[in-house]
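**Q** Next up is a structure, given as structure tokens.
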Amino acid sequence: MPLDSQQNEDLKHFSTCTLCEAMCGIEVTTRQTNGENQIVSIVGDKANPFSKGHVCPKAKALKDLYDDPDRIKSPMKKVNGEWQEISWDEAIEFAAKGIHDTQVKHGNNAVATYLGNPNAHNHGAILFGPYFFRALKSFNRFSATSVDQLPHHIVSYKLFGHQNQIPVTDIDNNEYFIIIGGNPLASNGSIMSVPYVKKRLKAIQQKGGKVVVIDPKKTETAEVSSEHLFIKPGTDVLLLLSMLNSLFSQNLANPEHLLEFAKDLPLVEDYVTNFTPEKTEEATGISAEQVHRLVKEFSEAQSASCYGRMGASVQRFGTLTQYLIMLFNMLTGNLDKRGGMMFTQPAADYLPHSGHGSLAKGHTRVRGLPAFAGEYPVSALAEEITTPGEGQIKAIVIGAGNPVLTTPNGQQLDNAFKSLDFVVAVDFYINESNRHADVILPPVTALERDHYDIVFHKFAVRNSVKYSPAVFPLLEEQRTDWQIYLSLTQKLEALRDPENSEQSALKYKALWHKTPTGVVDDLLKTGRYAKLVSGLSINTLINNPHGIDLGELQSDLPNALFTKDKSINLSFDFFMPDIKRVNEYFYNEVGKESPLLLIGRRHLKSNNSWLHNSKRMVKDTTRCTAQIHPTDASAFGIENGSLVTVRSRVGQIIIEAEITEKVMRGVVCIPHGWGHNKQGIQWQHAQSIAGVSCNDLTDEMILDELSGNAVLNGVPVTISA
Ligand SMILES: Nc1nc2c(c(=O)[nH]1)N[C@H]1C(S)=C(S)[C@@H](COP(=O)(O)OP(=O)(O)OC[C@H]3O[C@@H](n4cnc5c(=O)[nH]c(N)nc54)[C@H](O)[C@@H]3O)O[C@H]1N2
Ligand SMILES: Nc1nc2c(c(=O)[nH]1)N[C@H]1C(S)=C(S)[C@@H](COP(=O)(O)OP(=O)(O)OC[C@H]3O[C@@H](n4cnc5c(=O)[nH]c(N)nc54)[C@H](O)[C@@H]3O)O[C@H]1N2
Ligand code: SF4
Ligand SMILES: [Mo]
């Protein structure tokens with residue numbers, strides 16, 4: 001006899017984990033009990049051709065998110081400081097009216113937007129969110145891009161003509177892999193979707209190849225690599241300059257097939273002559289001998305790839321560093337080569353249909369920081385809110401983000417948010433940032449909406465395609481992100497121009513009907529595989545629920561180029577002048593003493609500022625610690641496990657010290673995304689665990705000047721017992 005007479009059969013769904021960039025296929029078992037949809041289990045989908053069953057512990061957190069009693073499921077409005085549930089109609093009306101009123105009173109730019117990382121994992125938000133952002137007509141657009149991958153976009157925009165034409169390591173054919181400032185064993189790869197990364201790194205070594213990790217910390221990735229070199233935070237630019245110098249001095253530059261597209265490549269030599277490895281070794285901590293050897297081995301390998309990520313991008317010379325990394329790959333002939341850095345061939349290719357990028361078309365009002373692709377650096381957000389004058393930000397829409405915990409000088413931003421007239425959030429949690437909201441519009445969680453990885457198929461180490469229908473049908477009272485954005489757009493336009501509201505409704509009717517998945521369907525049907533995989537479409541993918549492998553990455557020059565003349569624009573005039581700043585910073589600033597430098601770290605069971613409300617993700621409690629080297633600990637009289645104060649120009653935090661030889665001397669390593677003990681939020685679990693925000697130390701005034709990207713690695717701090 002069934003335990004529960006209303007219990008239906010378990011259903012299996014082949015879906016995709018959206019929590020990081022690895023796109024792991026998952027098998028989700030669901031059950032309906034007494035009319036309630038339940039997730040019974042989540043395991044890796046062995047039949048998924050891309051991830052082949054791989055998952056990390058976070059996959060199960062998708063269930064915890066779904067079950068979380070703290071998650072908000074209906075729109076919430078703040079009335080006299082208290083949250084009240086309201087209907088969707090009321091909420092959309094209230095949000096649009098607040099935005100409209102602010103714009104009428106203070107101008108369009110008075111309403112800002114901040115878009116967080118989870119948007120990148122949400123094709124609905126990516127494809128339909130822009131209708132709303134365009135309708136806002138505000139220049140004050142911010143996102144997590146400027147605490148992350150902005151340098152990559154600028155390099156690709158300049159060199160290849162499109163901000164998202166970023167090559168990835170062809171890891172399965174690679175024989176020499178240098179990883180600078182990336183820890184894929186914790187992050188599962190970034191701008192490199194790569195499930196089973198540990199296995200793949202081992203495979204390189206089993207073939208007789210080499211994996212070299214360059215990092216101020218002996219990370220999990222360093223532990224499984226052939227070699228690890230400690231580097232002093234923020235000095236990667238010097239390392240790269242010296243690697244290029246060594247390449248020329250050893251006569252190893254060999255750009256082969258690339259000269260056809262970038263004839264000036266050999267001229268790079270002129271810019272790097274001063275940076276011999278002998279000159280840079282003291283600053284970087286990597287000896288001249290090591291640099292010469294590394295360069296020689298890399299050049300002589302059959303295929304090689306030099307990959308730099310977070311640690312290399314989000315630092316003082318992040319853009320120049322990423323540029324030099326690209327030049328190094330090119331000068332060794334490893335761009336667009338099997339086993340090297342390759343462009344990908346996604347099935348639904350949005351690149352031709354999206355903005356190629358634009359640089360410095362506008363500047364922030366207060367500090368004059370450059371916009372990239374219509375977005376300003378988020379380091380300028382607080383001052384744009386608090387500095388009076390024409391164009392001052394008076395309201396903000398925060399979509400899937402938590403900048404109080406994730407952007408520099410979070411405390412300052414927290415205070416700035418308090419002064420806003422109106423805040424709208426699109427999020428299913430009340431977090432440290434949107435607790436300042438007047439209204440929160442909660443979308444469903446990832447498994448409850450259909451999913452297509454429009455962004456990450458583009459950055460994957462193998463071409464593949466997969467569509468995941470929602471595991472549960474959308475209920476009457478539920479909304480997806482794109483529906484929220486489209487409703488807001490329509491309402492805002494109706495308020496602006498009441499006479500044309502019917503016309504406006506008509507305009508959007510087609511979009512409601514099309515849906516973002518319909519847009520993907522069009523892209524698939526007109527994409528490069530439409531003829532190969534007969535009739536490739538969303539329907540094909542519904543019939544192939546595990547996804548379809550589309551083969552290895554292919555050489556793609558000059559096709560991959562978006563430049564008018566189909567050549568690679570080396571843009572020396574844009575990047576190389578920054579070398580002057582490098583010289584000034586490292587060699588001419590007399591008496592500049594950098595005591596200790598702060599760097600970040602990721603943990604396999606954290607995801608930026610969220611997932612800490614899932615008990616299963618934080619069982620192993622205190623991982624929000626300040627790691628320091630034993631020599632520094634004894635110099636500052638610090639004992640393992642004791643509380644220490646870490647200070648920077650902008651603030652201080654009190655945190656538990658963890659003494660470990662895994663970090664190099666002179667480094668303090670603290671994870672980000674913690675600090676849930678703020679007033680006005682109701683995390684039942686996250687608030688009960690210790691943790692402080694390291695972004696109360698990071699400094700909004702220190703920037704990578706070429707891009708305006710934040711500096712979250714290599715921030716000067718002091719420490720005391
Ligand atoms: N010191 C330091 N700071 C860092 C970093 C670092 O390495 N060191 N890393 C930086 C990087 S790389 C990034 S990308 C940023 C991330 O910074 P943000 O993007 O600002 O923050 P997240 O923690 O990703 O924001 C997650 C929020 O989105 C919500 N959310 C999740 N899924 C959805 C969804 O489907 N729809 C909606 N509407 N909301 C959703 C969650 O509930 C949560 O409130 O942090 C940056 N900050
Ligand atoms: N589990 C988990 N996975 C994630 C995320 C998460 O929060 N948790 N976040 C996702 C996001 S948004 C992103 S952008 C990716 C990021 O993915 P990764 O780029 O792999 O980022 P991290 O794991 O932070 O690794 C950065 C490394 O840079 C090192 N580093 C710091 N400063 C320097 C420096 O000056 N020079 C050099 N050479 N190295 C330095 C750090 O010690 C660290 O090991 O991860 C994604 N995946
Ligand atoms: S590695 Fe983990 S978080 Fe990333 S997609 Fe796979 S299961 Fe999800
Ligand atoms: Mo990120």
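Letters for chains follow the order of the structure tokens (A, B, ...), residue numbers begin at 1 for each chain, and ligand numbers begin at 1 in the order shown.
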Give me the residues of chain A that have any atom at most 9 Å from an atom of ligand 3; for each, the nearest atom pair and the distance in Å, rounded to one decimal. Use only C-alpha atoms and all ligand atoms, sort by chain and number, and format it as JSON lines.
**A**
{"residue": "A:Thr16", "atom": "CA", "partner": "ligand 3", "partner_atom_place_in_ligand_line": "5 (S)", "distance": 7.2}
{"residue": "A:Cys17", "atom": "CA", "partner": "ligand 3", "partner_atom_place_in_ligand_line": "8 (Fe)", "distance": 4.4}
{"residue": "A:Thr18", "atom": "CA", "partner": "ligand 3", "partner_atom_place_in_ligand_line": "5 (S)", "distance": 5.6}
{"residue": "A:Leu19", "atom": "CA", "partner": "ligand 3", "partner_atom_place_in_ligand_line": "3 (S)", "distance": 4.4}
{"residue": "A:Cys20", "atom": "CA", "partner": "ligand 3", "partner_atom_place_in_ligand_line": "4 (Fe)", "distance": 4.0}
{"residue": "A:Glu21", "atom": "CA", "partner": "ligand 3", "partner_atom_place_in_ligand_line": "4 (Fe)", "distance": 5.8}
{"residue": "A:Ala22", "atom": "CA", "partner": "ligand 3", "partner_atom_place_in_ligand_line": "5 (S)", "distance": 4.3}
{"residue": "A:Met23", "atom": "CA", "partner": "ligand 3", "partner_atom_place_in_ligand_line": "5 (S)", "distance": 4.4}
{"residue": "A:Cys24", "atom": "CA", "partner": "ligand 3", "partner_atom_place_in_ligand_line": "6 (Fe)", "distance": 4.2}
{"residue": "A:Gly25", "atom": "CA", "partner": "ligand 3", "partner_atom_place_in_ligand_line": "6 (Fe)", "distance": 7.5}
{"residue": "A:Ile26", "atom": "CA", "partner": "ligand 3", "partner_atom_place_in_ligand_line": "7 (S)", "distance": 7.7}
{"residue": "A:Val43", "atom": "CA", "partner": "ligand 3", "partner_atom_place_in_ligand_line": "7 (S)", "distance": 8.8}
{"residue": "A:Gly44", "atom": "CA", "partner": "ligand 3", "partner_atom_place_in_ligand_line": "7 (S)", "distance": 7.6}
{"residue": "A:Ser51", "atom": "CA", "partner": "ligand 3", "partner_atom_place_in_ligand_line": "6 (Fe)", "distance": 8.0}
{"residue": "A:His54", "atom": "CA", "partner": "ligand 3", "partner_atom_place_in_ligand_line": "6 (Fe)", "distance": 6.6}
{"residue": "A:Val55", "atom": "CA", "partner": "ligand 3", "partner_atom_place_in_ligand_line": "7 (S)", "distance": 3.7}
{"residue": "A:Cys56", "atom": "CA", "partner": "ligand 3", "partner_atom_place_in_ligand_line": "2 (Fe)", "distance": 3.8}
{"residue": "A:Pro57", "atom": "CA", "partner": "ligand 3", "partner_atom_place_in_ligand_line": "2 (Fe)", "distance": 6.1}
{"residue": "A:Lys58", "atom": "CA", "partner": "ligand 3", "partner_atom_place_in_ligand_line": "3 (S)", "distance": 4.8}
{"residue": "A:Ala59", "atom": "CA", "partner": "ligand 3", "partner_atom_place_in_ligand_line": "7 (S)", "distance": 4.2}
{"residue": "A:Lys60", "atom": "CA", "partner": "ligand 3", "partner_atom_place_in_ligand_line": "7 (S)", "distance": 7.9}
{"residue": "A:Ala61", "atom": "CA", "partner": "ligand 3", "partner_atom_place_in_ligand_line": "3 (S)", "distance": 8.7}
{"residue": "A:Leu62", "atom": "CA", "partner": "ligand 3", "partner_atom_place_in_ligand_line": "8 (Fe)", "distance": 8.6}
{"residue": "A:Ala186", "atom": "CA", "partner": "ligand 3", "partner_atom_place_in_ligand_line": "1 (S)", "distance": 8.8}
{"residue": "A:Ser187", "atom": "CA", "partner": "ligand 3", "partner_atom_place_in_ligand_line": "1 (S)", "distance": 7.6}
{"residue": "A:Asn188", "atom": "CA", "partner": "ligand 3", "partner_atom_place_in_ligand_line": "1 (S)", "distance": 5.3}
{"residue": "A:Gly189", "atom": "CA", "partner": "ligand 3", "partner_atom_place_in_ligand_line": "1 (S)", "distance": 8.4}
{"residue": "A:Ser193", "atom": "CA", "partner": "ligand 3", "partner_atom_place_in_ligand_line": "5 (S)", "distance": 8.7}
{"residue": "A:Val194", "atom": "CA", "partner": "ligand 3", "partner_atom_place_in_ligand_line": "1 (S)", "distance": 8.2}
{"residue": "A:Pro195", "atom": "CA", "partner": "ligand 3", "partner_atom_place_in_ligand_line": "1 (S)", "distance": 6.0}
{"residue": "A:Tyr196", "atom": "CA", "partner": "ligand 3", "partner_atom_place_in_ligand_line": "1 (S)", "distance": 8.0}
{"residue": "A:Leu604", "atom": "CA", "partner": "ligand 3", "partner_atom_place_in_ligand_line": "2 (Fe)", "distance": 7.8}
{"residue": "A:Lys605", "atom": "CA", "partner": "ligand 3", "partner_atom_place_in_ligand_line": "3 (S)", "distance": 8.3}
{"residue": "A:Asn607", "atom": "CA", "partner": "ligand 3", "partner_atom_place_in_ligand_line": "3 (S)", "distance": 8.2}
**Q** Do you know which residues are within 6 Å of ligand 1 using only C-alpha atoms and all ligand atoms? Can you write them as an MDAnalysis selection string?
**A** chainID A and resid 116:118 144 147:148 399:403 406:407 426:429 431 443 445:446 481 600 608:610 672 694:695 712
**Q** Got time to write the residues from that selection, N, CA, C and O atoms, as a short mmCIF file (atom, residue, chain, number, x, y, z; two decimals), in the first residue's frame?
**A**
data_model
loop_
_atom_site.label_atom_id
_atom_site.label_comp_id
_atom_site.auth_asym_id
_atom_site.auth_seq_id
_atom_site.Cartn_x
_atom_site.Cartn_y
_atom_site.Cartn_z
N GLY A 116 23.88 41.55 -11.24
CA GLY A 116 24.82 40.63 -10.62
C GLY A 116 25.11 39.41 -11.47
O GLY A 116 24.51 39.18 -12.53
N ASN A 117 26.03 38.62 -10.98
CA ASN A 117 26.56 37.45 -11.68
C ASN A 117 25.50 36.42 -12.12
O ASN A 117 25.58 35.91 -13.25
N PRO A 118 24.50 36.07 -11.28
CA PRO A 118 23.58 35.01 -11.72
C PRO A 118 22.83 35.33 -13.02
O PRO A 118 22.31 34.41 -13.67
N ALA A 144 28.46 43.41 -12.13
CA ALA A 144 29.59 42.69 -11.54
C ALA A 144 30.75 42.54 -12.53
O ALA A 144 31.84 42.12 -12.14
N VAL A 147 33.99 44.05 -11.40
CA VAL A 147 34.76 43.43 -10.31
C VAL A 147 35.24 42.06 -10.78
O VAL A 147 35.51 41.18 -9.98
N ASP A 148 35.33 41.91 -12.09
CA ASP A 148 35.57 40.56 -12.62
C ASP A 148 36.28 40.60 -13.96
O ASP A 148 37.44 41.00 -14.05
N GLY A 399 19.42 43.70 -9.82
CA GLY A 399 18.95 42.42 -10.35
C GLY A 399 19.97 41.33 -10.09
O GLY A 399 21.07 41.36 -10.64
N ALA A 400 19.64 40.36 -9.26
CA ALA A 400 20.50 39.20 -9.01
C ALA A 400 21.91 39.62 -8.62
O ALA A 400 22.89 39.16 -9.21
N GLY A 401 22.00 40.48 -7.64
CA GLY A 401 23.33 40.90 -7.21
C GLY A 401 23.32 41.31 -5.76
O GLY A 401 22.26 41.47 -5.15
N ASN A 402 24.51 41.46 -5.24
CA ASN A 402 24.64 41.79 -3.82
C ASN A 402 25.88 42.66 -3.60
O ASN A 402 26.80 42.27 -2.88
N PRO A 403 25.90 43.85 -4.25
CA PRO A 403 27.14 44.63 -4.29
C PRO A 403 27.66 45.07 -2.92
O PRO A 403 28.85 45.36 -2.79
N THR A 406 29.93 42.34 -2.41
CA THR A 406 30.78 41.86 -3.51
C THR A 406 31.60 42.95 -4.20
O THR A 406 32.40 42.62 -5.09
N THR A 407 31.39 44.20 -3.87
CA THR A 407 32.15 45.25 -4.56
C THR A 407 32.97 46.05 -3.54
O THR A 407 32.68 46.01 -2.34
N VAL A 426 15.24 42.63 -8.00
CA VAL A 426 14.73 41.40 -8.61
C VAL A 426 15.59 40.28 -8.04
O VAL A 426 16.76 40.12 -8.41
N ASP A 427 15.05 39.57 -7.09
CA ASP A 427 15.83 38.56 -6.35
C ASP A 427 14.88 37.71 -5.53
O ASP A 427 13.83 38.19 -5.10
N PHE A 428 15.25 36.46 -5.31
CA PHE A 428 14.39 35.62 -4.47
C PHE A 428 14.89 35.54 -3.02
O PHE A 428 14.40 34.73 -2.24
N TYR A 429 15.88 36.36 -2.70
CA TYR A 429 16.28 36.49 -1.30
C TYR A 429 16.30 37.97 -0.91
O TYR A 429 16.56 38.83 -1.76
N ASN A 431 18.71 40.13 0.61
CA ASN A 431 20.13 40.01 0.92
C ASN A 431 20.67 41.31 1.53
O ASN A 431 19.91 42.25 1.78
N PRO A 443 11.83 36.23 -8.67
CA PRO A 443 11.62 35.24 -9.73
C PRO A 443 11.69 33.84 -9.15
O PRO A 443 12.06 33.66 -7.98
N THR A 445 13.41 30.01 -8.90
CA THR A 445 14.81 29.58 -8.91
C THR A 445 15.13 28.88 -10.24
O THR A 445 14.23 28.59 -11.03
N ALA A 446 16.41 28.58 -10.40
CA ALA A 446 16.89 28.12 -11.70
C ALA A 446 16.16 26.88 -12.23
O ALA A 446 15.81 26.81 -13.41
N ASP A 481 12.50 35.78 -14.31
CA ASP A 481 13.16 37.09 -14.42
C ASP A 481 12.69 37.86 -15.65
O ASP A 481 12.40 39.04 -15.59
N GLY A 600 42.01 37.29 -2.52
CA GLY A 600 40.76 36.57 -2.25
C GLY A 600 40.94 35.06 -2.34
O GLY A 600 42.02 34.57 -2.62
N ASN A 608 30.02 33.06 -4.51
CA ASN A 608 30.02 34.49 -4.24
C ASN A 608 29.32 34.75 -2.91
O ASN A 608 29.69 34.16 -1.91
N SER A 609 28.27 35.59 -2.90
CA SER A 609 27.70 35.96 -1.59
C SER A 609 26.53 35.09 -1.17
O SER A 609 25.86 35.39 -0.19
N TRP A 610 26.24 34.06 -1.95
CA TRP A 610 25.06 33.29 -1.54
C TRP A 610 25.37 31.81 -1.41
O TRP A 610 26.52 31.42 -1.53
N HIS A 672 35.60 36.15 -0.15
CA HIS A 672 34.57 37.21 -0.21
C HIS A 672 33.18 36.59 -0.07
O HIS A 672 33.04 35.37 -0.10
N CYS A 694 35.21 40.74 3.34
CA CYS A 694 36.54 41.28 3.00
C CYS A 694 36.40 42.51 2.11
O CYS A 694 37.36 43.26 1.95
N ASN A 695 35.22 42.71 1.54
CA ASN A 695 35.05 43.92 0.73
C ASN A 695 34.78 45.16 1.59
O ASN A 695 34.58 46.25 1.05
N LEU A 712 40.69 43.83 -6.40
CA LEU A 712 40.30 43.04 -5.23
C LEU A 712 41.45 42.15 -4.79
O LEU A 712 41.40 41.53 -3.74
#
**Q** Which one is closest to A:Ile579: A:Val366, A:Leu320, A:Ala91, A:Val461? Count only C-alpha atoms.
**A**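 Closest to A:Ile579, using only C-alpha atoms: A:Leu320.
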**Q** Would you mind telling me which residue in A:Tyr376, A:Ala301, A:Lys210, A:Leu553 lies nearest to A:Phe343 when using only C-alpha atoms?
**A**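 Once distances to A:Phe343 are computed over only C-alpha atoms, the minimum belongs to A:Leu553.
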**Q** What's around stretch 700-704 of chain A at 8 Å? Count only C-alpha atoms, leave out sequence neighbours fewer than 3 positions away in its own chain, and write the answer as a PyMOL selection string.
**A** chain A and resi 314-319+379-380+408-409+707-711
**Q** Would you write out those residues with N, CA, C and O atoms, as an mmCIF file, in the first residue's frame?
**A**
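Here's the written file out-v6.cif:
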data_model
loop_
_atom_site.group_PDB
_atom_site.id
_atom_site.type_symbol
_atom_site.label_atom_id
_atom_site.label_comp_id
_atom_site.auth_asym_id
_atom_site.auth_seq_id
_atom_site.Cartn_x
_atom_site.Cartn_y
_atom_site.Cartn_z
ATOM 1 N N VAL A 314 41.651 41.042 -11.788
ATOM 2 C CA VAL A 314 41.077 41.992 -10.833
ATOM 3 C C VAL A 314 42.197 42.512 -9.942
ATOM 4 O O VAL A 314 42.245 42.259 -8.744
ATOM 5 N N GLN A 315 43.123 43.175 -10.592
ATOM 6 C CA GLN A 315 44.269 43.761 -9.907
ATOM 7 C C GLN A 315 44.704 45.019 -10.660
ATOM 8 O O GLN A 315 44.178 45.335 -11.720
ATOM 9 N N ARG A 316 45.661 45.699 -10.104
ATOM 10 C CA ARG A 316 46.024 47.043 -10.553
ATOM 11 C C ARG A 316 46.339 47.162 -12.049
ATOM 12 O O ARG A 316 46.071 48.180 -12.672
ATOM 13 N N PHE A 317 46.954 46.141 -12.617
ATOM 14 C CA PHE A 317 47.278 46.192 -14.051
ATOM 15 C C PHE A 317 46.578 45.048 -14.781
ATOM 16 O O PHE A 317 47.141 44.418 -15.684
ATOM 17 N N GLY A 318 45.343 44.787 -14.387
ATOM 18 C CA GLY A 318 44.610 43.632 -14.908
ATOM 19 C C GLY A 318 44.473 43.632 -16.427
ATOM 20 O O GLY A 318 44.645 42.594 -17.076
ATOM 21 N N THR A 319 44.156 44.773 -17.011
ATOM 22 C CA THR A 319 43.919 44.812 -18.456
ATOM 23 C C THR A 319 45.221 44.606 -19.215
ATOM 24 O O THR A 319 45.290 43.801 -20.153
ATOM 25 N N SER A 379 32.979 50.513 -8.919
ATOM 26 C CA SER A 379 33.705 51.215 -7.855
ATOM 27 C C SER A 379 33.223 52.651 -7.709
ATOM 28 O O SER A 379 33.454 53.283 -6.683
ATOM 29 N N ALA A 380 32.578 53.185 -8.736
ATOM 30 C CA ALA A 380 32.108 54.575 -8.685
ATOM 31 C C ALA A 380 30.666 54.685 -8.200
ATOM 32 O O ALA A 380 30.144 55.795 -8.059
ATOM 33 N N PRO A 408 34.007 46.751 -4.010
ATOM 34 C CA PRO A 408 34.931 47.388 -3.072
ATOM 35 C C PRO A 408 34.267 48.424 -2.159
ATOM 36 O O PRO A 408 33.355 49.125 -2.575
ATOM 37 N N ASN A 409 34.769 48.477 -0.955
ATOM 38 C CA ASN A 409 34.226 49.376 0.078
ATOM 39 C C ASN A 409 32.718 49.180 0.246
ATOM 40 O O ASN A 409 31.929 50.117 0.138
ATOM 41 N N SER A 707 40.870 50.143 -17.500
ATOM 42 C CA SER A 707 39.501 49.639 -17.635
ATOM 43 C C SER A 707 38.535 50.203 -16.606
ATOM 44 O O SER A 707 37.333 50.193 -16.807
ATOM 45 N N GLY A 708 39.054 50.650 -15.475
ATOM 46 C CA GLY A 708 38.174 51.016 -14.370
ATOM 47 C C GLY A 708 37.777 49.791 -13.550
ATOM 48 O O GLY A 708 36.948 49.873 -12.640
ATOM 49 N N ASN A 709 38.370 48.643 -13.871
ATOM 50 C CA ASN A 709 38.046 47.441 -13.108
ATOM 51 C C ASN A 709 38.551 47.590 -11.666
ATOM 52 O O ASN A 709 39.568 48.228 -11.414
ATOM 53 N N ALA A 710 37.820 46.988 -10.747
ATOM 54 C CA ALA A 710 38.196 47.068 -9.344
ATOM 55 C C ALA A 710 39.495 46.302 -9.094
ATOM 56 O O ALA A 710 39.900 45.459 -9.888
ATOM 57 N N VAL A 711 40.122 46.613 -7.979
ATOM 58 C CA VAL A 711 41.306 45.866 -7.549
ATOM 59 C C VAL A 711 40.927 45.125 -6.270
ATOM 60 O O VAL A 711 40.767 45.726 -5.210
#
**Q** Of the candidates A:Trp683, A:Glu639, A:Thr344, A:Leu127, which shows the shortest atom-to-atom distance to A:Thr515, using only C-alpha atoms?
**A**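 Among the listed residues, the smallest separation from A:Thr515 belongs to A:Leu127.
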**Q** Mind checking DSSP for stretch 495-658 of chain A and telling me the strand (DSSP E or B) residues as a list in words?
**A** Ile548, Asp549, Leu596, Leu597, Leu598, Ile599, Asn607, Trp610, Thr625, Ala626, Gln627, Ile628, Leu643, Val644, Thr645, Val646, Arg647, Gln652, Ile653, Ile654, Ile655, Glu656, Ala657 and Glu658 of chain A
**Q** For a quick check of understanding, using only C-alpha atoms and all ligand atoms, which of A:Ile670, A:Leu492, A:Ala348, A:Leu524 has the smallest distance to ligand 2?
**A**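 Ranking A:Ile670, A:Leu492, A:Ala348, A:Leu524 by distance to ligand 2, first place goes to A:Ile670.
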**Q** Neighbours of A:Val155 within 8 Å (only C-alpha atoms; same-chain residues fewer than 4 positions away dropped), as a list in words?
**A**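 Everything that qualifies: Pro151, Leu159, Phe160, Gln163, Thr319, Gln322 and Tyr323 of chain A.
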**Q** When you count only C-alpha atoms and all ligand atoms, which of these residues is closest to ligand 2: A:Asn245, A:Asn183, A:Ser138, A:Ser614?
**A**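 Under the stated criterion, the closest residue is A:Asn183.
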**Q** Quick one: residues within 10 Å of A:Asn274, only C-alpha atoms, excluding same-chain residues fewer than 5 positions away - as a ChimeraX atom specification?
**A** /A:241-242,245,269,279-280,583
**Q** Smallest atom-to-atom distance to ligand 4: which of A:Pro266, A:Gly182, A:Gly362, A:Gly124, using only C-alpha atoms and all ligand atoms?
**A**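 Going through A:Pro266, A:Gly182, A:Gly362, A:Gly124 one by one, the smallest distance to ligand 4 is for A:Gly182.
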**Q** Write down as a PyMOL selection string the residues of stretch 516-680 of chain A whose backbone DSSP state falls under alpha helix (DSSP H).
**A** chain A and resi 516-525+538-543+572-575+578-583+630-635
**Q** What is the distance, in Å and to one decimal place, between atom CA of A:Ser606 and atom CA of A:Pro216?
**A**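 For atom CA of A:Ser606 relative to atom CA of A:Pro216, the distance reads 20.7 Å.
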**Q** Residues at most 12 Å from A:Asp349, counting only C-alpha atoms, excluding those fewer than 3 positions away in the same chain, as a ChimeraX atom specification?
**A** /A:164-165,344-346,352-354,453-459,463,465,519-530,560
**Q** Could you pull the residues within 7 Å of A:Asn108, counting only C-alpha atoms, minus those fewer than 3 positions along the same chain, as a list in words?
**A**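 Using only C-alpha atoms, the neighbours found are Gln103, Val111, Leu136, Lys137 and Ser138 of chain A.
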**Q** Emit the selected residues as an mmCIF file, in the first residue's frame, including N, CA, C and O atoms.
**A**
data_model
loop_
_atom_site.group_PDB
_atom_site.id
_atom_site.type_symbol
_atom_site.label_atom_id
_atom_site.label_comp_id
_atom_site.auth_asym_id
_atom_site.auth_seq_id
_atom_site.Cartn_x
_atom_site.Cartn_y
_atom_site.Cartn_z
ATOM 1 N N GLN A 103 12.432 59.580 -12.122
ATOM 2 C CA GLN A 103 12.960 60.125 -13.384
ATOM 3 C C GLN A 103 12.300 61.455 -13.744
ATOM 4 O O GLN A 103 12.965 62.348 -14.266
ATOM 5 N N VAL A 111 18.053 57.104 -12.122
ATOM 6 C CA VAL A 111 17.775 55.693 -11.801
ATOM 7 C C VAL A 111 18.911 54.819 -12.344
ATOM 8 O O VAL A 111 19.159 54.777 -13.541
ATOM 9 N N LEU A 136 14.732 52.297 -19.588
ATOM 10 C CA LEU A 136 15.097 53.219 -18.513
ATOM 11 C C LEU A 136 15.784 54.471 -19.032
ATOM 12 O O LEU A 136 15.719 55.535 -18.420
ATOM 13 N N LYS A 137 16.485 54.346 -20.139
ATOM 14 C CA LYS A 137 17.205 55.475 -20.748
ATOM 15 C C LYS A 137 18.160 56.134 -19.770
ATOM 16 O O LYS A 137 18.268 57.357 -19.722
ATOM 17 N N SER A 138 18.815 55.333 -18.952
ATOM 18 C CA SER A 138 19.750 55.895 -17.983
ATOM 19 C C SER A 138 21.162 55.449 -18.337
ATOM 20 O O SER A 138 21.394 54.299 -18.707
#
